[in-house]
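Chemist: Before I ask anything, let me first share the structure, which is written out below as structure tokens.
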Amino acid sequence: MLFNLNEFLMSISFALDFVELDITGATSNHSKRVSYICYKMGENLGFTSNQLYDLTALAILHDNGVSDKRLHDKSLGTSLNNFSLIERKKEHCIVSEKNIKSFPFSTNVSDVLLYHHENYDGTGYFRLPGPNIPLMSQIIHLSDILDITFSLDHLNNEEHNKLLSFINDNRNIMFSDDIANAFLNISKHKSFWLDLKTMFLTTALKNLIPSISIECSFKELRSMTKTISRIIDSKSPYTQLHSSELAIKIEKLAKYYGENEDDIYKLVIAADLHDIGKLAVPNSILDAERKLTLDEYEVIKEHTYYTRVALQGIEGFEDIVEWASNHHERLNGKGYPFGKIHTELDFNSRLMGCLDVYQALTEARPYRPSLTHTAAMQILNDMKNDNLIDSKITEDIDYIFGSNSFNPFK
Ligand SMILES: [Fe+2]
Ligand SMILES: [Fe+2]
Ligand SMILES: [Fe+2]
Ligand SMILES: [Fe+2]
């Protein structure tokens, strides 16, 4: 199929900006705004369309490591709720760089994210001297700093002047002359500042990102979604393997049912992305070692709605959106967020729903240890009897993943 990477990246940007929603309680559209500025600067500096595409993608992904639960650990000196403090730790650069290793960039972009906080005078996290800092890292650095330091969404005249002084004062300290000049060039026009306003930003970015479509199979697309699944799973210590294990198991079951290769990989991609909406759920809820309050449970229930919102703009992802975001719907209509009933849940939605329960039960949670296959099956069987999940699929999960069964799919 012809796959539009732009649409995919815009979805990723929604999800990555969800992380901010969790950490700060509000989203400032940081990754989108940084991407917009980077694109304009790259264009001004004469980048080719492939370089522009990669730069925009990297800008969207530049802080992907911020969701990593390990960076929220007090031992690293970061408070649980401070996005900018996490940005001030070099660990997020290392994690961000590592997470994107399998992303299909078309130019050489190694170490761009690793060095996205280096200052031109060599005083950054890794003390890299200016000329050795990749150009794309330098562009992301300036865009990032400006968005963190100033309210680019609504600058008044006085703040605008402060921003210009900031750029000029930091020439050859934070940024090279060329980078500073590129920014001054692109920011001359009124339209630049209007595009940065939240209400216009998404459209402006969509119109700008080079429209690159690639001919690829769902199997090939998987290398990208695996990257995203790593970002999702790293959000909580309790879900480090959740999406990746679910993807392995769903591939096994789909092969058992004789599904065709496209559907198998669509299911694997759906498993990779099914909990992308959890990026918006605070860790204080996901990792709570106590019973959740009713209000907190309501917040948990929002995550599949966000999954749908994040994925629904991607052409060719129609089945994936359904299978990924229906995983908490139940046959009797008691699921969430839509309360769909059995006639609205196709086989692969049911498969995802059943297997997600099984996968979650066999993992440890803050309030209980991991369950054995037998204990998990007891719960699945109760759910089956209550007409919550599909009975045939429940039996097949027992057959395929049970320790006493002999089958070629294990
Ligand atoms: Fe950063
Ligand atoms: Fe950032
Ligand atoms: Fe979920
Ligand atoms: Fe899940």
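Following the order of the structure tokens, chains are lettered A, B, ..., residues in each are numbered from 1, and ligands are numbered from 1.
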Neighbours of region 52-54 of chain A within 10 Å (only C-alpha atoms; same-chain residues fewer than 5 positions away dropped), as a VMD selection string?

Modeler: chain A and resid 5 to 6 38 to 43 46 to 47 59 to 60 104 to 109 136 208 to 212

Chemist: Neighbours of Ile276 (chain A) within 12 Å (only C-alpha atoms; same-chain residues fewer than 3 positions away dropped), as a short mmCIF file (atom, residue, chain, number, x, y, z; two decimals) with C-alpha atoms, in the first residue's frame?

Modeler:
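Saved the output as result02.cif:
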data_model
loop_
_atom_site.label_atom_id
_atom_site.label_comp_id
_atom_site.auth_asym_id
_atom_site.auth_seq_id
_atom_site.Cartn_x
_atom_site.Cartn_y
_atom_site.Cartn_z
CA SER A 11 -0.49 11.09 14.90
CA ILE A 12 2.73 10.48 16.74
CA SER A 13 2.94 14.16 17.53
CA PHE A 14 -0.52 14.05 19.10
CA ALA A 15 0.57 11.12 21.21
CA LEU A 16 3.86 12.70 22.24
CA ASP A 17 2.11 15.88 23.20
CA PHE A 18 -0.20 13.70 25.35
CA VAL A 19 2.88 12.99 27.47
CA SER A 67 7.85 9.51 28.79
CA THR A 225 5.28 1.04 15.09
CA LYS A 226 7.68 -1.08 17.10
CA THR A 227 9.53 2.17 17.90
CA ILE A 228 6.31 3.71 19.16
CA SER A 229 5.42 0.63 21.19
CA ARG A 230 8.76 0.93 22.99
CA ILE A 231 7.92 4.53 23.91
CA ILE A 232 4.46 3.50 25.15
CA ASP A 233 5.71 0.53 27.18
CA SER A 234 8.48 2.51 28.86
CA LYS A 235 5.97 4.87 30.43
CA HIS A 242 3.01 -5.14 27.68
CA SER A 243 2.59 -4.07 24.04
CA ILE A 269 0.66 -2.98 14.59
CA ALA A 270 -2.64 -2.59 16.47
CA ALA A 271 -1.06 -4.39 19.44
CA ASP A 272 1.97 -2.06 19.26
CA LEU A 273 -0.27 0.99 19.38
CA LEU A 279 0.62 8.36 27.32
CA ALA A 280 -2.02 10.84 28.50
CA VAL A 281 -2.78 9.00 31.74
CA GLU A 302 -10.18 7.74 28.58
CA HIS A 303 -7.09 6.02 27.15
CA THR A 304 -8.78 4.05 24.35
CA TYR A 305 -10.60 7.19 23.24
CA TYR A 306 -7.21 8.90 22.92
CA THR A 307 -5.88 5.87 21.04
CA ARG A 308 -8.66 6.34 18.50
CA VAL A 309 -8.06 10.09 18.26
CA ALA A 310 -4.32 9.57 17.75
CA LEU A 311 -4.65 6.96 14.99
CA VAL A 321 -7.84 1.94 14.49
CA ALA A 324 -6.53 -1.09 18.63
CA SER A 325 -9.16 1.18 20.15
#

Chemist: Given only C-alpha atoms and all ligand atoms as the basis, pick out the residue of A:Leu142, A:Ile173, A:Leu241, A:Met383 nearest to ligand 4.

Modeler: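 With only C-alpha atoms and all ligand atoms as the atom set, the closest residue is A:Leu241.
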
Chemist: Could you list the protein, DNA and RNA residues that have any atom within 9 Å of ligand 2, counting only C-alpha atoms and all ligand atoms, and write them as a list of chain:residue names?

Modeler: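 Using only C-alpha atoms and all ligand atoms, everything at most 9 Å from ligand 2 comes to A:His30, A:Ser31, A:Val34, A:Ala59, A:His62, A:Asp63, A:Asn64, A:Val66, A:Ser84, A:Glu87, A:His116, A:His117, A:Ile140, A:His141, A:Ser143, A:Asp144, A:Ile145, A:Asp147, A:Ile148.
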
Chemist: Give the answer as one residue: which of A:Asn381, A:Ala247, A:Glu322, A:Arg330 has the shortest atom-to-atom distance to ligand 4, using only C-alpha atoms and all ligand atoms?

Modeler: A:Ala247

Chemist: Return the single residue from A:Leu345, A:Leu9, A:Leu388, A:Leu113 that is closest to ligand 1, with distances computed using only C-alpha atoms and all ligand atoms.

Modeler: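 The closest residue to ligand 1 is A:Leu113.
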